[in-house]
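Chemist: There's a structure below that I have some questions on.
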Amino acid sequence: MAALALACGTALATPSTQIWIPSPDVKGFKEIHVDIDNYTRFSGKTENGFNPNLYNIGLSAGVLPSENVKLEVGVDFLKSGYQNDAIYGYDRAPFYFNAKLGTPEDAFGVKGLPQFAIGAYNLGTYEKLEKGLSTRQNIVYGLVGKTLPVVGRFSAGGYYGSERALGKGANSGVMASWDRTMSEISDKLWLAVDYMGGNNANGEVSVGGSWAFSKQVSLIVGVVFFNPFYTTSAADPSNGNGGNINPGGKPALTTQLDIAF
């Protein structure tokens, strides 16, 4: 999961994710993953003139030879389905970068120690302040995760991003998630719910699940509801209809194919 530009777009430059937000998991040394992600809007009606479908190809790898402290880095190539995107510049700079450092549960032989992760994503390369445009969301975050018997894993934390890209006063928030492998049904089935706060284009609630076809290939299918707790007003940006615009746009169906090497 998971997030394209300013307060009128959605952005996605993904480290290891739940559905939309980063997960506390970090790839191990020499683990290489290719992700092919799609976000298709349930409605084509534009929000603030911008309600794009998103298409992303990401490459990420674990680069630290340690079992207790892991580091992954990645790059994403992101395009939108917005026909005027080339005019506004977002598709002219489709590359985004990410990195994450973390420890697994029970690291260093300490039984009961939760997971910890810190990272950065949506590190964009385009900014034209005179046009009010920026893909440099530069979101930094921290997460703590803990697996509980029967109920599954919970993670929580927060993030802080660029005010120029995300909006003044809307560039921070909480992150939280629940996920669980449904071993009662199949060890191949995994379910998750995640939440990202903040009145910006990334704020959302997601629900979904994945099926592992093999140790190398899995597919996530989910739904992302952008800014479900956002209260619109006449002061919000508008497309000529008097404001009341949700900054994240319409809900989207997501499919995320992960191929591991």
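FYI, nothing fancy with the structure tokens labels: chains A, B, ... in order, residues from 1 per chain, ligands from 1 as they appear.
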Can you pull out every residue from region 52-252 of chain A that DSSP, working from the backbone, puts in strand (DSSP E), and format the result as a ChimeraX atom specification?

Modeler: /A:54-62,70-80,95-103,115-128,133-148,152-160,172-181,189-196,204-212,217-226,252

Chemist: I'd like to know which residues of region 52-233 of chain A are alpha helix (DSSP H) (by DSSP, run on the backbone); could you write them as a list in words?

Modeler: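 Reading the DSSP output for region 52-233 of chain A, alpha helix (DSSP H) covers Asp85, Ala86, Ile87, Tyr88, Glu163, Arg164, Ala165 and Leu166 of chain A.
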
Chemist: Which of these, A:Ala99, A:Ala117, A:Ala176, A:Ala260, has the shortest distance to Ile139 (chain A) once you count only C-alpha atoms?

Modeler: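 Residue with the minimum atom-to-atom distance to Ile139 (chain A): A:Ala99.
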
Chemist: When distances are computed from only C-alpha atoms, which of A:Asn56, A:Ile19, A:Lys215, A:Ala61 shows the smallest separation from Glu31 (chain A)?

Modeler: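 With only C-alpha atoms as the atom set, the closest residue is A:Ala61.
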
Chemist: Find the residues around Gly62 (chain A) up to 6 Å (only C-alpha atoms counted), leave out those fewer than 4 positions away in its own chain, and share them as a PyMOL selection string.

Modeler: chain A and resi 27-31+71-72

Chemist: Grab the residues selected above and save them as a tab-separated table (two decimals), in the first residue's frame with N, CA, C and O atoms.

Modeler:
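Contents of the output file part.tsv:
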```
chain	number	residue	atom	x	y	z
A	27	LYS	N	11.82	-7.00	4.22
A	27	LYS	CA	12.36	-8.12	3.43
A	27	LYS	C	13.73	-8.53	3.93
A	27	LYS	O	14.55	-7.70	4.33
A	28	GLY	N	13.98	-9.83	3.89
A	28	GLY	CA	15.26	-10.37	4.29
A	28	GLY	C	16.32	-10.18	3.21
A	28	GLY	O	16.02	-9.81	2.07
A	29	PHE	N	17.56	-10.47	3.58
A	29	PHE	CA	18.69	-10.29	2.67
A	29	PHE	C	18.51	-11.10	1.39
A	29	PHE	O	18.19	-12.28	1.43
A	30	LYS	N	18.67	-10.44	0.26
A	30	LYS	CA	18.60	-11.02	-1.09
A	30	LYS	C	17.18	-11.40	-1.52
A	30	LYS	O	17.01	-12.02	-2.57
A	31	GLU	N	16.18	-11.08	-0.71
A	31	GLU	CA	14.80	-11.26	-1.15
A	31	GLU	C	14.45	-10.14	-2.12
A	31	GLU	O	14.57	-8.96	-1.78
A	71	LEU	N	16.89	-4.40	6.25
A	71	LEU	CA	16.74	-3.17	5.48
A	71	LEU	C	16.28	-3.53	4.07
A	71	LEU	O	16.86	-4.41	3.43
A	72	GLU	N	15.23	-2.86	3.61
A	72	GLU	CA	14.79	-3.03	2.22
A	72	GLU	C	14.76	-1.68	1.53
A	72	GLU	O	14.52	-0.64	2.15
```

Chemist: Which is closer to Ser23 (chain A) than all the others in A:Gly249, A:Pro52, A:Gly124, A:Gly157, using only C-alpha atoms?

Modeler: A:Gly157

Chemist: From the options A:Val223, A:Ile21, A:Val205, A:Ile57, which residue's atoms come nearest to Gly142 (chain A), counting only C-alpha atoms?

Modeler: A:Ile21

Chemist: Which residues come within 8 Å of Arg153 (chain A), counting only C-alpha atoms, excluding same-chain residues fewer than 5 positions away, as JSON, numbers by chain?

Modeler: {"A": [145, 146, 147, 148, 178, 179, 180]}

Chemist: Deliver the residues from the most recent selection as a file, using N, CA, C and O atoms, as a PDB file, in the first residue's frame.

Modeler:
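Written file, part.pdb:
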```pdb
ATOM      1  N   GLY A 145       4.539  -3.536  15.640  1.00  0.00           N
ATOM      2  CA  GLY A 145       3.609  -4.625  15.363  1.00  0.00           C
ATOM      3  C   GLY A 145       3.754  -5.759  16.352  1.00  0.00           C
ATOM      4  O   GLY A 145       4.863  -6.067  16.800  1.00  0.00           O
ATOM      5  N   LYS A 146       2.622  -6.378  16.684  1.00  0.00           N
ATOM      6  CA  LYS A 146       2.645  -7.497  17.628  1.00  0.00           C
ATOM      7  C   LYS A 146       1.577  -8.509  17.254  1.00  0.00           C
ATOM      8  O   LYS A 146       0.416  -8.155  17.030  1.00  0.00           O
ATOM      9  N   THR A 147       1.972  -9.793  17.173  1.00  0.00           N
ATOM     10  CA  THR A 147       1.036 -10.871  16.887  1.00  0.00           C
ATOM     11  C   THR A 147       0.511 -11.447  18.195  1.00  0.00           C
ATOM     12  O   THR A 147       1.298 -11.834  19.065  1.00  0.00           O
ATOM     13  N   LEU A 148      -0.811 -11.512  18.314  1.00  0.00           N
ATOM     14  CA  LEU A 148      -1.462 -12.059  19.498  1.00  0.00           C
ATOM     15  C   LEU A 148      -2.068 -13.417  19.164  1.00  0.00           C
ATOM     16  O   LEU A 148      -2.498 -13.644  18.028  1.00  0.00           O
ATOM     17  N   TRP A 178      -4.648  -4.440  11.035  1.00  0.00           N
ATOM     18  CA  TRP A 178      -4.804  -5.798  11.548  1.00  0.00           C
ATOM     19  C   TRP A 178      -4.625  -6.748  10.383  1.00  0.00           C
ATOM     20  O   TRP A 178      -5.108  -6.495   9.273  1.00  0.00           O
ATOM     21  N   ASP A 179      -3.914  -7.859  10.604  1.00  0.00           N
ATOM     22  CA  ASP A 179      -3.821  -8.878   9.564  1.00  0.00           C
ATOM     23  C   ASP A 179      -3.670 -10.252  10.206  1.00  0.00           C
ATOM     24  O   ASP A 179      -3.222 -10.382  11.346  1.00  0.00           O
ATOM     25  N   ARG A 180      -4.062 -11.276   9.440  1.00  0.00           N
ATOM     26  CA  ARG A 180      -4.026 -12.632   9.977  1.00  0.00           C
ATOM     27  C   ARG A 180      -4.028 -13.646   8.839  1.00  0.00           C
ATOM     28  O   ARG A 180      -4.764 -13.492   7.867  1.00  0.00           O
TER      29      ARG A 180
END
```

Chemist: Please identify all polymer residues within 9 Å of Gly167 (chain A), counting only C-alpha atoms, omitting same-chain residues fewer than 2 positions from it, and present them as JSON, numbers by chain.

Modeler: {"A": [6, 7, 162, 163, 164, 165, 169, 170, 171, 199, 200]}

Chemist: Keeping N, CA, C and O atoms, export the residues of the selection given above as a PDB file, in the first residue's frame.

Modeler:
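Dumped to selection-v2.pdb:
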```pdb
ATOM      1  N   LEU A   6       0.069  16.161  -4.707  1.00  0.00           N
ATOM      2  CA  LEU A   6      -0.609  17.258  -4.035  1.00  0.00           C
ATOM      3  C   LEU A   6      -1.821  16.755  -3.272  1.00  0.00           C
ATOM      4  O   LEU A   6      -1.871  15.634  -2.832  1.00  0.00           O
ATOM      5  N   ALA A   7      -2.786  17.580  -3.049  1.00  0.00           N
ATOM      6  CA  ALA A   7      -3.958  17.166  -2.281  1.00  0.00           C
ATOM      7  C   ALA A   7      -5.078  16.725  -3.185  1.00  0.00           C
ATOM      8  O   ALA A   7      -6.161  16.414  -2.730  1.00  0.00           O
ATOM      9  N   SER A 162       5.614  15.857   3.518  1.00  0.00           N
ATOM     10  CA  SER A 162       5.832  17.210   3.032  1.00  0.00           C
ATOM     11  C   SER A 162       4.536  18.012   3.038  1.00  0.00           C
ATOM     12  O   SER A 162       3.532  17.605   2.460  1.00  0.00           O
ATOM     13  N   GLU A 163       4.570  19.150   3.677  1.00  0.00           N
ATOM     14  CA  GLU A 163       3.394  20.030   3.717  1.00  0.00           C
ATOM     15  C   GLU A 163       3.092  20.593   2.338  1.00  0.00           C
ATOM     16  O   GLU A 163       1.936  20.800   1.985  1.00  0.00           O
ATOM     17  N   ARG A 164       4.127  20.831   1.554  1.00  0.00           N
ATOM     18  CA  ARG A 164       3.907  21.382   0.209  1.00  0.00           C
ATOM     19  C   ARG A 164       3.142  20.405  -0.678  1.00  0.00           C
ATOM     20  O   ARG A 164       2.331  20.821  -1.509  1.00  0.00           O
ATOM     21  N   ALA A 165       3.393  19.111  -0.507  1.00  0.00           N
ATOM     22  CA  ALA A 165       2.752  18.106  -1.356  1.00  0.00           C
ATOM     23  C   ALA A 165       1.423  17.627  -0.803  1.00  0.00           C
ATOM     24  O   ALA A 165       0.502  17.320  -1.564  1.00  0.00           O
ATOM     25  N   GLY A 169      -1.145  21.582   7.243  1.00  0.00           N
ATOM     26  CA  GLY A 169      -1.917  21.022   8.338  1.00  0.00           C
ATOM     27  C   GLY A 169      -2.499  19.650   8.060  1.00  0.00           C
ATOM     28  O   GLY A 169      -3.221  19.111   8.901  1.00  0.00           O
ATOM     29  N   ALA A 170      -2.199  19.085   6.891  1.00  0.00           N
ATOM     30  CA  ALA A 170      -2.762  17.780   6.519  1.00  0.00           C
ATOM     31  C   ALA A 170      -1.673  16.775   6.187  1.00  0.00           C
ATOM     32  O   ALA A 170      -1.921  15.800   5.490  1.00  0.00           O
ATOM     33  N   ASN A 171      -0.474  17.011   6.680  1.00  0.00           N
ATOM     34  CA  ASN A 171       0.677  16.211   6.273  1.00  0.00           C
ATOM     35  C   ASN A 171       1.130  15.219   7.329  1.00  0.00           C
ATOM     36  O   ASN A 171       2.262  14.722   7.286  1.00  0.00           O
ATOM     37  N   ASN A 199      -6.165  14.396   6.524  1.00  0.00           N
ATOM     38  CA  ASN A 199      -7.034  14.932   5.477  1.00  0.00           C
ATOM     39  C   ASN A 199      -6.225  15.275   4.235  1.00  0.00           C
ATOM     40  O   ASN A 199      -6.143  16.431   3.804  1.00  0.00           O
ATOM     41  N   ASN A 200      -5.596  14.248   3.681  1.00  0.00           N
ATOM     42  CA  ASN A 200      -4.842  14.416   2.440  1.00  0.00           C
ATOM     43  C   ASN A 200      -5.212  13.280   1.501  1.00  0.00           C
ATOM     44  O   ASN A 200      -6.083  12.460   1.803  1.00  0.00           O
TER      45      ASN A 200
END
```
